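Contents: one structure, followed by commentary.
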Amino acid sequence: MTNLRSAIRGRVLLPGDDDFAPATKPWNLAVDQPVAAVVEAADADDVAALVRYARDQCLTIATQPNGHGATGDVDGVILLRTGQLNEVRVDPAARTARVGAGVSWGRIQAVADPHGLTGLPGSSPVVSVAGYTLGGGLSWFGRKHGWAADSVTAFDIVDPGGHRARVTDESDPELFWALRGGGGDFAIVTALEFTLHPAPELYGGRMLWPADHAPDVLATFRDITSTAPDELTVWVDLLHFPGSAPLVAVDATYLGHPAEGRALLRPLGDLGTPTSDSRATIPIAELGAITAEPTDPGPGLARGELLTELTDVTAKALLAEPIEPLLTVQLRHLGGALAGPSDSPQGPLTEPFALYLFGVPATPDTATAIRARQDELRTALAPQLSGRKPLTYLAPGEDASAAFTPDALARLRTIKRERDPHGVFRSNFPVLADPAS
């Protein structure tokens with residue numbers, strides 16, 4: 001594969017090169033990536049050249065801006081890094097943005113913020129816009145504006161033949177549909193354009209209490225979310241950081257006047273004085289500060305589920321035992337526009353809550369214990385689990401079929417067979433185990 005270097009202007013790393021091993025690492029350092037090469041594309045033309053090379057050599061490409069959704073299913077593939085595709089353009093009058101495939105949500109939010117506009121990011125500012133959106137994109141503001149993918153208006157892509165193209169609903173409706181939440185199986189996205197949404201004011205933050213407040217916090221969370229307007233998003237977190245006492249947190253955002261947000265969250269003030277309370281009017285650019293997730297790579301084991309309801313039985317199952325060795329058990333309130341019409345592979349997200357179970361596998365024994373605790377909670381909550389989950393909630397070893405309805409999955413598989421019959425592209429969660437099948 002040494003002749004790959006002559007085809008690419010960007011950096012090419014092969015086994016034996018000094019920087020090869022660190023370049024293969026995804027964001028989640030618990031995932032091993034036994035790739036054959038790493039290519040850091042200089043631009044979209046470089047991506048096209050790489051695809052032509054892979055097609056001619058019967059090789060497969062897996063694209064990762066930074067690898068937040070890595071699964072390790074990349075044995076022998078070429079790992080494509082798109083970090084240098086870093087264009088950011090905002091048109092405040094048209095309320096649109098254009099970003100390259102390597103751009104993170106923090107960057108676009110910083111540019112949109114001065115214009116009173118926002119994209120539809122999740123909780124972390126370092127997740128790439130492209131990877132997140134190809135997986136649908138569950139946003140802080142999804143209750144108001146739906147999936148992040150619903151706001152996309154165009155993709156710049158390289159197809160399996162190595163040709164560059166612009167894809168819209170008018171130019172290629174089938175591929176456009178697949179890219180808006182179906183994953184990275186169908187083309188390499190080099191840039192995307194999407195609608196920005198008004199956000200002249202944003203109120204939000206985190207409240208923390210000792211864990212013995214958890215039953216009351218969870219009950220209040222249920223009450224608030226039962227009548228919450230779409231502008232309000234509330235999450236509850238059971239937390240246990242190593243070496244510290246367990247805690248319970250409420251994270252919230254409100255797209256509107258701070259006084260309205262404070263009024264909607266007033267019942268939380270009846271739960272006793274919190275350990276800390278960061279709620280305030282905040283800039284859109286500082287959205288990631290609410291949960292303050294790590295911005296450097298590290299190991300993690302996560303499982304995600306969707307809950308059909310949050311009842312006394314659900315609460316009892318969540319609080320029956322300490323969460324350790326898990327670091328976080330999080331419930332996100334969904335609903336609103338997420339449950340409404342969506343012409344995307346994900347479709348309407350009718351489940352009202354998402355569950356996220358996360359631990360840090362510091363040792364092999366800890367990893368085993370984390371998986372066991374995740375399984376215990378999932379078993380206890382089984383009657384309330386829908387069996388489906390967002391594509392970005394899938395964990396290594398899970399299958400794309402869990403993210404889509406049978407009809408949507410069949411349509412995605414047809415598009416994959418027609419557009420990429422030789423399997424030039426491999427997403428984190430392929431819609432086909434074998435493109436020829």
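Every chain in the structure tokens has a letter given in the order shown (A, B, ...), and although residue numbers restart at 1 in each chain, ligands are simply numbered from 1 in the order shown.
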
Tell me, counting only C-alpha atoms, for each residue of segment 388-424 of chain A within 7 Å of segment 49-72 of chain A, which pair of atoms is nearest and how far apart they are in Å to one decimal, in rows ordered by chain and increasing number, as a tab-separated table.
```
residue	atom	partner	partner_atom	distance
A:Thr392	CA	A:Gly69	CA	6.9
A:Pro396	CA	A:Thr71	CA	4.6
A:Gly423	CA	A:Thr60	CA	6.5
A:Val424	CA	A:Thr60	CA	4.5
```

### Task
From segment 67-264 of chain A, collect each residue whose DSSP state is strand (DSSP E or B) and return the set as a ChimeraX atom specification.
/A:78-81,88-91,96-100,104,117-118,128,152-158,164-167,188-195,197-198,203-210,232-239,247-254

Could I get the residues of segment 220-292 of chain A with an atom no further than 12 Å from an atom of segment 297-313 of chain A, each paired with its nearest atom pair and that distance in Å to one decimal, using only C-alpha atoms, sorted by chain and residue number, as CSV?
```
residue,atom,partner,partner_atom,distance
A:Thr220,CA,A:Leu310,CA,12.0
A:Phe221,CA,A:Leu310,CA,10.0
A:Arg222,CA,A:Leu310,CA,7.3
A:Asp223,CA,A:Leu310,CA,10.6
A:Thr225,CA,A:Leu310,CA,10.3
A:Ser226,CA,A:Leu310,CA,10.1
```

### Contacts of segment 107-116 of chain A at 9 Å (only C-alpha atoms; same-chain gap of 3+ positions) as number ranges by chain
A: 88-92, 97, 99, 103-104, 119, 121, 125-126, 129, 196-201, 283-287

### Task
Please provide the set of residues having any atom within 10 Å of Ile157 of chain A, restricted to only C-alpha atoms, with same-chain residues fewer than 6 positions apart removed, written as a list in words.
Ala44, Val47, Ala48, Ala101, His163, Arg164, Ala165, Arg166, Val167, Phe186, Ala187, Ile188, Val189, Thr190, Ala191 and Leu192 of chain A

Compile a residue-level contact table for segment 298-396 of chain A against segment 235-244 of chain A at a cut-off of 12 Å, reporting for every qualifying residue the shortest atom pair and its distance in Å to one decimal, with only C-alpha atoms counted, rows ordered by chain and ascending number, as JSON lines.
```
{"residue": "A:Ala315", "atom": "CA", "partner": "A:Leu238", "partner_atom": "CA", "distance": 11.7}
{"residue": "A:Leu318", "atom": "CA", "partner": "A:Leu238", "partner_atom": "CA", "distance": 9.1}
{"residue": "A:Leu319", "atom": "CA", "partner": "A:Leu238", "partner_atom": "CA", "distance": 9.0}
{"residue": "A:Glu321", "atom": "CA", "partner": "A:Leu238", "partner_atom": "CA", "distance": 11.4}
{"residue": "A:Pro322", "atom": "CA", "partner": "A:His240", "partner_atom": "CA", "distance": 8.6}
{"residue": "A:Ile323", "atom": "CA", "partner": "A:His240", "partner_atom": "CA", "distance": 7.2}
{"residue": "A:Glu324", "atom": "CA", "partner": "A:His240", "partner_atom": "CA", "distance": 6.6}
{"residue": "A:Pro325", "atom": "CA", "partner": "A:His240", "partner_atom": "CA", "distance": 8.0}
{"residue": "A:Leu326", "atom": "CA", "partner": "A:His240", "partner_atom": "CA", "distance": 7.0}
{"residue": "A:Leu327", "atom": "CA", "partner": "A:His240", "partner_atom": "CA", "distance": 5.0}
{"residue": "A:Thr328", "atom": "CA", "partner": "A:Leu239", "partner_atom": "CA", "distance": 4.8}
{"residue": "A:Val329", "atom": "CA", "partner": "A:Leu238", "partner_atom": "CA", "distance": 5.1}
{"residue": "A:Gln330", "atom": "CA", "partner": "A:Asp237", "partner_atom": "CA", "distance": 4.4}
{"residue": "A:Leu331", "atom": "CA", "partner": "A:Val236", "partner_atom": "CA", "distance": 5.3}
{"residue": "A:Arg332", "atom": "CA", "partner": "A:Trp235", "partner_atom": "CA", "distance": 4.5}
{"residue": "A:His333", "atom": "CA", "partner": "A:Trp235", "partner_atom": "CA", "distance": 6.0}
{"residue": "A:Leu334", "atom": "CA", "partner": "A:Trp235", "partner_atom": "CA", "distance": 9.3}
{"residue": "A:Pro352", "atom": "CA", "partner": "A:Trp235", "partner_atom": "CA", "distance": 11.9}
{"residue": "A:Phe353", "atom": "CA", "partner": "A:Trp235", "partner_atom": "CA", "distance": 9.3}
{"residue": "A:Ala354", "atom": "CA", "partner": "A:Trp235", "partner_atom": "CA", "distance": 9.4}
{"residue": "A:Leu355", "atom": "CA", "partner": "A:Asp237", "partner_atom": "CA", "distance": 9.8}
{"residue": "A:Tyr356", "atom": "CA", "partner": "A:Asp237", "partner_atom": "CA", "distance": 9.3}
{"residue": "A:Leu357", "atom": "CA", "partner": "A:Leu238", "partner_atom": "CA", "distance": 9.7}
{"residue": "A:Phe358", "atom": "CA", "partner": "A:Leu239", "partner_atom": "CA", "distance": 9.9}
{"residue": "A:Gly359", "atom": "CA", "partner": "A:His240", "partner_atom": "CA", "distance": 9.6}
{"residue": "A:Val360", "atom": "CA", "partner": "A:Pro242", "partner_atom": "CA", "distance": 9.8}
{"residue": "A:Pro361", "atom": "CA", "partner": "A:Pro242", "partner_atom": "CA", "distance": 11.8}
{"residue": "A:Ala362", "atom": "CA", "partner": "A:Pro242", "partner_atom": "CA", "distance": 10.7}
{"residue": "A:Thr366", "atom": "CA", "partner": "A:Pro242", "partner_atom": "CA", "distance": 12.0}
```

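Our summary of the geometry notes that atom CA of Thr118 of chain A is positioned 20.5 Å from atom CA of Ala259 of chain A.
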
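Reported to one decimal place, the separation of atom CA of Leu349 of chain A from atom CA of Trp140 of chain A is 14.5 Å.
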
Per-residue nearest contacts of segment 106-134 of chain A to segment 175-184 of chain A (9 Å; only C-alpha atoms) as JSON lines:
```
{"residue": "A:Gly131", "atom": "CA", "partner": "A:Gly184", "partner_atom": "CA", "distance": 7.8}
{"residue": "A:Tyr132", "atom": "CA", "partner": "A:Gly181", "partner_atom": "CA", "distance": 8.7}
{"residue": "A:Thr133", "atom": "CA", "partner": "A:Gly181", "partner_atom": "CA", "distance": 6.4}
{"residue": "A:Leu134", "atom": "CA", "partner": "A:Gly181", "partner_atom": "CA", "distance": 4.7}
```

### Query
By how many Å are atom CA of Gly10 of chain A and atom CA of Asp43 of chain A apart?
8.1 Å

### Query
Which residue out of A:Asp407, A:Asp46, A:Glu174, A:Glu351 has the minimum interatomic distance to Ser386 of chain A when only C-alpha atoms are used?
A:Glu351

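Of the listed residues (A:Leu268, A:Ala292, A:Val248, A:Val158), A:Val158 comes nearest to Arg419 of chain A; the distances count only C-alpha atoms.
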